[in-house]
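A.B. asks: Data: input-v3.cif, mmCIF, C-alpha atoms, pLDDT in the B column; chains and numbers go by the auth columns.
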data_upload
loop_
_atom_site.group_PDB
_atom_site.id
_atom_site.type_symbol
_atom_site.label_atom_id
_atom_site.label_comp_id
_atom_site.label_asym_id
_atom_site.label_seq_id
_atom_site.Cartn_x
_atom_site.Cartn_y
_atom_site.Cartn_z
_atom_site.B_iso_or_equiv
_atom_site.auth_seq_id
_atom_site.auth_asym_id
ATOM 1 C CA MET A 1 60.846 -42.261 12.008 34.00 1 R
ATOM 2 C CA ALA A 2 61.628 -43.088 8.392 38.00 2 R
ATOM 3 C CA ARG A 3 59.427 -46.151 8.072 40.00 3 R
ATOM 4 C CA GLN A 4 55.728 -45.482 8.333 46.00 4 R
ATOM 5 C CA THR A 5 52.774 -47.382 7.033 51.00 5 R
ATOM 6 C CA LEU A 6 50.809 -45.901 4.190 52.00 6 R
ATOM 7 C CA ARG A 7 47.458 -46.620 5.832 49.00 7 R
ATOM 8 C CA ALA A 8 48.392 -44.682 8.965 47.00 8 R
ATOM 9 C CA ARG A 9 48.979 -41.522 6.946 46.00 9 R
ATOM 10 C CA ALA A 10 46.180 -41.972 4.413 44.00 10 R
ATOM 11 C CA THR A 11 43.388 -40.901 6.701 41.00 11 R
ATOM 12 C CA ARG A 12 45.137 -37.573 7.356 42.00 12 R
ATOM 13 C CA GLU A 13 45.957 -36.807 3.715 44.00 13 R
ATOM 14 C CA GLY A 14 43.532 -35.802 0.982 41.00 14 R
ATOM 15 C CA GLN A 15 42.698 -37.850 -2.058 45.00 15 R
ATOM 16 C CA GLN A 16 44.005 -35.253 -4.540 45.00 16 R
ATOM 17 C CA LYS A 17 47.659 -35.502 -5.503 46.00 17 R
ATOM 18 C CA SER A 18 49.451 -32.357 -4.461 43.00 18 R
ATOM 19 C CA PRO A 19 52.613 -31.139 -6.167 48.00 19 R
ATOM 20 C CA ARG A 20 55.725 -32.494 -4.481 56.00 20 R
ATOM 21 C CA ARG A 21 57.766 -29.937 -2.623 58.00 21 R
ATOM 22 C CA PRO A 22 61.551 -30.021 -2.625 71.00 22 R
ATOM 23 C CA GLY A 23 62.923 -32.210 0.092 91.00 23 R
ATOM 24 C CA PRO A 24 63.811 -35.833 0.614 97.00 24 R
ATOM 25 C CA ILE A 25 62.793 -38.348 -2.006 98.00 25 R
ATOM 26 C CA ARG A 26 59.839 -40.407 -0.800 98.00 26 R
ATOM 27 C CA ILE A 27 59.492 -44.042 -1.834 98.00 27 R
ATOM 28 C CA ALA A 28 56.503 -46.329 -1.226 98.00 28 R
ATOM 29 C CA VAL A 29 57.388 -50.025 -1.062 98.00 29 R
ATOM 30 C CA LEU A 30 54.400 -52.327 -1.497 98.00 30 R
ATOM 31 C CA HIS A 31 54.383 -56.063 -0.836 98.00 31 R
ATOM 32 C CA GLY A 32 51.725 -58.418 -2.216 97.00 32 R
ATOM 33 C CA PRO A 33 50.267 -61.770 -1.206 97.00 33 R
ATOM 34 C CA ASN A 34 52.197 -64.287 0.851 95.00 34 R
ATOM 35 C CA LEU A 35 55.260 -62.075 1.231 96.00 35 R
ATOM 36 C CA ASN A 36 54.488 -61.962 4.954 96.00 36 R
ATOM 37 C CA LEU A 37 55.607 -65.622 4.892 94.00 37 R
ATOM 38 C CA LEU A 38 59.129 -64.860 3.666 93.00 38 R
ATOM 39 C CA GLY A 39 61.713 -66.760 5.649 92.00 39 R
ATOM 40 C CA VAL A 40 59.492 -69.827 6.008 93.00 40 R
ATOM 41 C CA ARG A 41 57.773 -70.197 2.611 90.00 41 R
ATOM 42 C CA GLU A 42 59.896 -72.036 0.058 86.00 42 R
ATOM 43 C CA PRO A 43 63.281 -70.773 1.295 87.00 43 R
ATOM 44 C CA GLU A 44 64.947 -72.558 -1.645 86.00 44 R
ATOM 45 C CA ILE A 45 63.179 -70.050 -3.929 85.00 45 R
ATOM 46 C CA TYR A 46 62.759 -66.957 -1.751 86.00 46 R
ATOM 47 C CA GLY A 47 65.641 -67.278 0.731 85.00 47 R
ATOM 48 C CA SER A 48 65.653 -67.194 4.511 90.00 48 R
ATOM 49 C CA LEU A 49 65.207 -63.465 5.166 96.00 49 R
ATOM 50 C CA THR A 50 61.884 -62.355 6.602 97.00 50 R
ATOM 51 C CA LEU A 51 59.880 -59.433 5.257 97.00 51 R
ATOM 52 C CA ALA A 52 60.758 -57.477 8.420 97.00 52 R
ATOM 53 C CA GLN A 53 64.479 -58.030 7.764 97.00 53 R
ATOM 54 C CA ILE A 54 64.143 -56.914 4.137 98.00 54 R
ATOM 55 C CA GLU A 55 62.172 -53.831 5.190 98.00 55 R
ATOM 56 C CA ALA A 56 64.769 -52.931 7.843 98.00 56 R
ATOM 57 C CA GLU A 57 67.509 -53.063 5.209 98.00 57 R
ATOM 58 C CA LEU A 58 65.412 -50.982 2.798 98.00 58 R
ATOM 59 C CA VAL A 59 64.914 -48.331 5.504 98.00 59 R
ATOM 60 C CA ARG A 60 68.646 -48.334 6.273 98.00 60 R
ATOM 61 C CA ARG A 61 69.527 -47.887 2.590 98.00 61 R
ATOM 62 C CA ALA A 62 66.916 -45.176 2.078 98.00 62 R
ATOM 63 C CA GLU A 63 68.105 -43.234 5.128 98.00 63 R
ATOM 64 C CA GLU A 64 71.693 -43.565 3.919 98.00 64 R
ATOM 65 C CA ARG A 65 70.610 -41.771 0.735 97.00 65 R
ATOM 66 C CA GLY A 66 68.556 -39.149 2.589 97.00 66 R
ATOM 67 C CA ALA A 67 65.258 -40.642 1.404 98.00 67 R
ATOM 68 C CA GLU A 68 62.048 -41.467 3.248 98.00 68 R
ATOM 69 C CA LEU A 69 60.606 -44.959 2.867 98.00 69 R
ATOM 70 C CA ARG A 70 57.132 -46.143 3.777 98.00 70 R
ATOM 71 C CA SER A 71 56.078 -49.714 3.266 98.00 71 R
ATOM 72 C CA ALA A 72 52.932 -51.772 3.445 98.00 72 R
ATOM 73 C CA HIS A 73 51.898 -55.362 2.854 98.00 73 R
ATOM 74 C CA SER A 74 48.555 -56.853 1.916 98.00 74 R
ATOM 75 C CA ASN A 75 47.266 -60.220 0.819 97.00 75 R
ATOM 76 C CA VAL A 76 44.156 -58.490 -0.589 98.00 76 R
ATOM 77 C CA GLU A 77 44.081 -57.125 -4.138 98.00 77 R
ATOM 78 C CA GLY A 78 41.744 -54.235 -3.358 97.00 78 R
ATOM 79 C CA GLU A 79 43.951 -53.126 -0.460 98.00 79 R
ATOM 80 C CA LEU A 80 47.017 -53.083 -2.741 98.00 80 R
ATOM 81 C CA ILE A 81 45.066 -50.939 -5.218 98.00 81 R
ATOM 82 C CA ALA A 82 44.172 -48.554 -2.381 98.00 82 R
ATOM 83 C CA LEU A 83 47.807 -48.442 -1.249 98.00 83 R
ATOM 84 C CA VAL A 84 48.956 -47.487 -4.761 98.00 84 R
ATOM 85 C CA GLN A 85 46.294 -44.773 -4.845 98.00 85 R
ATOM 86 C CA MET A 86 47.347 -43.473 -1.414 97.00 86 R
ATOM 87 C CA ALA A 87 51.004 -43.373 -2.435 98.00 87 R
ATOM 88 C CA ARG A 88 50.216 -40.819 -5.102 95.00 88 R
ATOM 89 C CA ASN A 89 49.430 -38.288 -2.351 94.00 89 R
ATOM 90 C CA TRP A 90 52.996 -38.091 -1.067 94.00 90 R
ATOM 91 C CA ALA A 91 55.448 -40.471 -2.795 98.00 91 R
ATOM 92 C CA ASP A 92 57.886 -39.691 -5.587 98.00 92 R
ATOM 93 C CA ALA A 93 58.061 -43.332 -6.714 98.00 93 R
ATOM 94 C CA ILE A 94 56.798 -46.825 -5.928 98.00 94 R
ATOM 95 C CA VAL A 95 58.660 -50.128 -5.617 98.00 95 R
ATOM 96 C CA ILE A 96 56.159 -52.979 -5.830 98.00 96 R
ATOM 97 C CA ASN A 97 56.303 -56.734 -5.507 98.00 97 R
ATOM 98 C CA ALA A 98 52.736 -57.554 -6.466 97.00 98 R
ATOM 99 C CA ALA A 99 53.602 -61.251 -6.067 94.00 99 R
ATOM 100 C CA SER A 100 50.938 -63.487 -7.618 93.00 100 R
ATOM 101 C CA TYR A 101 48.799 -60.453 -8.510 94.00 101 R
ATOM 102 C CA THR A 102 51.533 -59.545 -11.010 95.00 102 R
ATOM 103 C CA HIS A 103 50.125 -62.191 -13.331 94.00 103 R
ATOM 104 C CA THR A 104 46.422 -61.522 -12.854 91.00 104 R
ATOM 105 C CA SER A 105 45.552 -58.029 -11.659 96.00 105 R
ATOM 106 C CA ILE A 106 44.366 -55.506 -14.184 98.00 106 R
ATOM 107 C CA GLY A 107 43.158 -53.470 -11.198 98.00 107 R
ATOM 108 C CA ILE A 108 46.678 -53.054 -9.782 98.00 108 R
ATOM 109 C CA ARG A 109 47.971 -52.286 -13.283 98.00 109 R
ATOM 110 C CA ASP A 110 45.328 -49.587 -13.740 98.00 110 R
ATOM 111 C CA ALA A 111 46.037 -48.119 -10.284 98.00 111 R
ATOM 112 C CA ILE A 112 49.751 -47.846 -11.094 98.00 112 R
ATOM 113 C CA GLU A 113 48.941 -46.146 -14.377 98.00 113 R
ATOM 114 C CA ALA A 114 46.486 -43.735 -12.696 98.00 114 R
ATOM 115 C CA ALA A 115 48.943 -42.878 -9.898 98.00 115 R
ATOM 116 C CA GLN A 116 51.339 -41.459 -12.487 98.00 116 R
ATOM 117 C CA LEU A 117 54.353 -42.258 -10.317 98.00 117 R
ATOM 118 C CA PRO A 118 57.471 -43.985 -11.603 98.00 118 R
ATOM 119 C CA THR A 119 57.079 -47.581 -10.451 98.00 119 R
ATOM 120 C CA VAL A 120 59.657 -50.351 -10.284 98.00 120 R
ATOM 121 C CA GLU A 121 58.362 -53.933 -10.338 98.00 121 R
ATOM 122 C CA VAL A 122 60.434 -56.372 -8.271 98.00 122 R
ATOM 123 C CA HIS A 123 60.369 -60.125 -7.730 96.00 123 R
ATOM 124 C CA MET A 124 62.679 -62.212 -5.585 95.00 124 R
ATOM 125 C CA SER A 125 62.577 -65.179 -7.961 90.00 125 R
ATOM 126 C CA ASN A 126 63.166 -65.062 -11.703 90.00 126 R
ATOM 127 C CA ILE A 127 59.560 -65.136 -12.882 88.00 127 R
ATOM 128 C CA HIS A 128 60.714 -65.955 -16.432 88.00 128 R
ATOM 129 C CA ALA A 129 62.443 -69.140 -15.271 85.00 129 R
ATOM 130 C CA ARG A 130 59.412 -70.477 -13.412 87.00 130 R
ATOM 131 C CA GLU A 131 56.019 -71.845 -14.477 80.00 131 R
ATOM 132 C CA PRO A 132 54.715 -70.429 -17.778 80.00 132 R
ATOM 133 C CA PHE A 133 51.814 -68.578 -16.103 76.00 133 R
ATOM 134 C CA ARG A 134 54.386 -66.552 -14.128 82.00 134 R
ATOM 135 C CA HIS A 135 56.085 -65.303 -17.311 89.00 135 R
ATOM 136 C CA ILE A 136 53.306 -62.762 -17.901 88.00 136 R
ATOM 137 C CA SER A 137 53.299 -59.511 -15.945 94.00 137 R
ATOM 138 C CA MET A 138 50.124 -57.456 -16.111 90.00 138 R
ATOM 139 C CA ILE A 139 51.926 -54.496 -14.537 96.00 139 R
ATOM 140 C CA ALA A 140 55.206 -54.402 -16.482 95.00 140 R
ATOM 141 C CA SER A 141 53.848 -52.133 -19.217 97.00 141 R
ATOM 142 C CA VAL A 142 53.107 -49.352 -16.711 98.00 142 R
ATOM 143 C CA CYS A 143 56.362 -49.690 -14.765 98.00 143 R
ATOM 144 C CA ILE A 144 59.663 -48.006 -15.573 98.00 144 R
ATOM 145 C CA GLY A 145 61.451 -51.329 -15.105 98.00 145 R
ATOM 146 C CA GLN A 146 61.365 -54.848 -13.732 98.00 146 R
ATOM 147 C CA ILE A 147 63.961 -56.527 -11.520 98.00 147 R
ATOM 148 C CA SER A 148 63.651 -60.230 -10.775 96.00 148 R
ATOM 149 C CA GLY A 149 65.675 -63.211 -9.724 95.00 149 R
ATOM 150 C CA PHE A 150 68.066 -61.690 -7.190 96.00 150 R
ATOM 151 C CA GLY A 151 66.344 -62.674 -3.968 95.00 151 R
ATOM 152 C CA ALA A 152 66.161 -59.862 -1.418 97.00 152 R
ATOM 153 C CA ASN A 153 68.620 -57.925 -3.579 97.00 153 R
ATOM 154 C CA SER A 154 65.775 -57.426 -6.077 98.00 154 R
ATOM 155 C CA TYR A 155 64.190 -55.087 -3.530 98.00 155 R
ATOM 156 C CA TYR A 156 67.459 -53.235 -2.900 98.00 156 R
ATOM 157 C CA LEU A 157 68.133 -52.873 -6.620 98.00 157 R
ATOM 158 C CA GLY A 158 64.547 -51.694 -7.085 98.00 158 R
ATOM 159 C CA LEU A 159 65.031 -49.048 -4.408 98.00 159 R
ATOM 160 C CA ASP A 160 68.278 -47.921 -6.060 98.00 160 R
ATOM 161 C CA ALA A 161 66.531 -47.723 -9.441 98.00 161 R
ATOM 162 C CA ALA A 162 63.596 -45.711 -8.058 98.00 162 R
ATOM 163 C CA LEU A 163 65.914 -43.283 -6.257 98.00 163 R
ATOM 164 C CA ALA A 164 68.141 -42.857 -9.308 98.00 164 R
ATOM 165 C CA HIS A 165 65.117 -42.226 -11.523 98.00 165 R
ATOM 166 C CA VAL A 166 63.699 -39.543 -9.225 97.00 166 R
ATOM 167 C CA GLU A 167 67.135 -37.945 -8.736 96.00 167 R
ATOM 168 C CA ALA A 168 67.670 -37.778 -12.507 96.00 168 R
ATOM 169 C CA SER A 169 64.185 -36.346 -13.002 94.00 169 R
ATOM 170 C CA ARG A 170 64.792 -33.663 -10.376 93.00 170 R
ATOM 171 C CA ARG A 171 68.142 -32.758 -11.962 91.00 171 R
ATOM 172 C CA SER A 172 66.676 -32.500 -15.451 90.00 172 R
ATOM 173 C CA HIS A 173 63.717 -30.426 -14.262 82.00 173 R
ATOM 174 C CA GLY A 174 66.023 -28.180 -12.271 73.00 174 R
ATOM 175 C CA GLU A 175 68.247 -27.653 -15.295 51.00 175 R
ATOM 176 C CA ALA A 176 65.251 -26.954 -17.525 44.00 176 R
ATOM 177 C CA GLY A 177 64.039 -24.331 -15.075 44.00 177 R
ATOM 178 C CA LYS A 178 67.468 -22.668 -14.993 44.00 178 R
ATOM 179 C CA ARG A 179 67.578 -22.537 -18.808 37.00 179 R
ATOM 180 C CA GLN A 180 64.109 -20.972 -18.959 38.00 180 R
ATOM 181 C CA ARG A 181 65.064 -18.271 -16.412 40.00 181 R
ATOM 182 C CA LYS A 182 68.230 -17.389 -18.373 45.00 182 R
ATOM 183 C CA ARG A 183 66.222 -16.883 -21.586 40.00 183 R
ATOM 184 C CA GLY A 184 63.679 -14.549 -19.955 45.00 184 R
#
For the file at hand, write its structure as structure tokens.

C.D. replies:
Amino acid sequence: MARQTLRARATREGQQKSPRRPGPIRIAVLHGPNLNLLGVREPEIYGSLTLAQIEAELVRRAEERGAELRSAHSNVEGELIALVQMARNWADAIVINAASYTHTSIGIRDAIEAAQLPTVEVHMSNIHAREPFRHISMIASVCIGQISGFGANSYYLGLDAALAHVEASRRSHGEAGKRQRKRG
């Protein structure tokens, strides 16, 4: 099954990041506070799709590209930090909607930085067109990019960006290895 929760695997995997083996690209998708209310909470801002519907579409798109996707949601800051830390054990990249913690959490920012995984920040609404306190992202500086304002498509674009980044990285590392072998 392509979609698995991070917590379910975490207890079986060690805390040290192991080198990634060749194989399918693995993406962790993390959802922050109140995203479990998608579909009912402010549909004029966030749309009518539920989190389960968005996740099902993410899994479909990942499978279509031969990738593995695991997702998790938490309303608790410390749990999101733990999920980022767990992702480093197996994922190639993270797509995160830290929701309101985007604007306040140095802990999530530091966890992303420590995980050393390419991370794409996503938001369904355009955070720069909303209240001034939402204009600040504590995590943007440690992410490879930010996508906001496209509703559920922000997630899909974030997945595409994460996959493209990992694919490009694998190609460039593969080419570098080939060049080194030719020289020797």

A.B. asks: Fewer than 2 positions away in the same chain doesn't count, so skip those; otherwise give me all residues within 9 Å of Ile147 of chain R, counting all atoms listed in the file, as a ChimeraX atom specification.

C.D. replies: /R:120-124,126,145,149-150,154-155,157-158

A.B. asks: For the provided coordinates, the residues matched by the PyMOL selection byres ((chain R and resi 49) around 12) should be stated as a list in words.

C.D. replies: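 Taken over the shown coordinates, the PyMOL selection byres ((chain R and resi 49) around 12) returns Leu35, Asn36, Leu37, Leu38, Gly39, Val40, Arg41, Glu42, Pro43, Glu44, Ile45, Tyr46, Gly47, Ser48, Thr50, Leu51, Ala52, Gln53, Ile54, Glu55, Ala56, Glu57, Met124, Gly151, Ala152 and Asn153 of chain R.
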
A.B. asks: Compile the contact shell of Leu69 of chain R as a PyMOL selection string: residues with an atom at most 12 Å away, counting all atoms listed in the file, same-chain residues fewer than 5 positions apart removed.

C.D. replies: chain R and resi 1-6+24-30+55-64+87+90-95+159+162-163

A.B. asks: Nearest to Ile136 of chain R: which of R:Gly174, R:Asn75, R:Leu80, R:Ser105 is it, counting only C-alpha atoms?

C.D. replies: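 The answer is R:Ser105, which sits nearest to Ile136 of chain R.
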
A.B. asks: What is the distance between atom CA of Pro118 of chain R and atom CA of His165 of chain R, in Å to one decimal?

C.D. replies: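 Atom-to-atom, atom CA of Pro118 of chain R to atom CA of His165 of chain R, that is 7.8 Å.
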
A.B. asks: To one decimal place in Å, what is the distance between atom CA of Ala72 of chain R and atom CA of Arg88 of chain R?

C.D. replies: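 That distance, rounded to one decimal, is 14.2 Å.
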
A.B. asks: Can you pull out every residue within 8 Å of Ile112 of chain R, counting all atoms listed in the file, but drop anything in the same chain fewer than 5 positions away, and send it as a list in words?

C.D. replies: Val84, Gln85, Leu117, Thr119, Ile139, Val142 and Cys143 of chain R

A.B. asks: Would you compute the distance between atom CA of Asn89 of chain R and atom CA of Ala67 of chain R? Give it in Å to one decimal.

C.D. replies: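 Spanning atom CA of Asn89 of chain R to atom CA of Ala67 of chain R is a straight-line distance of 16.4 Å.
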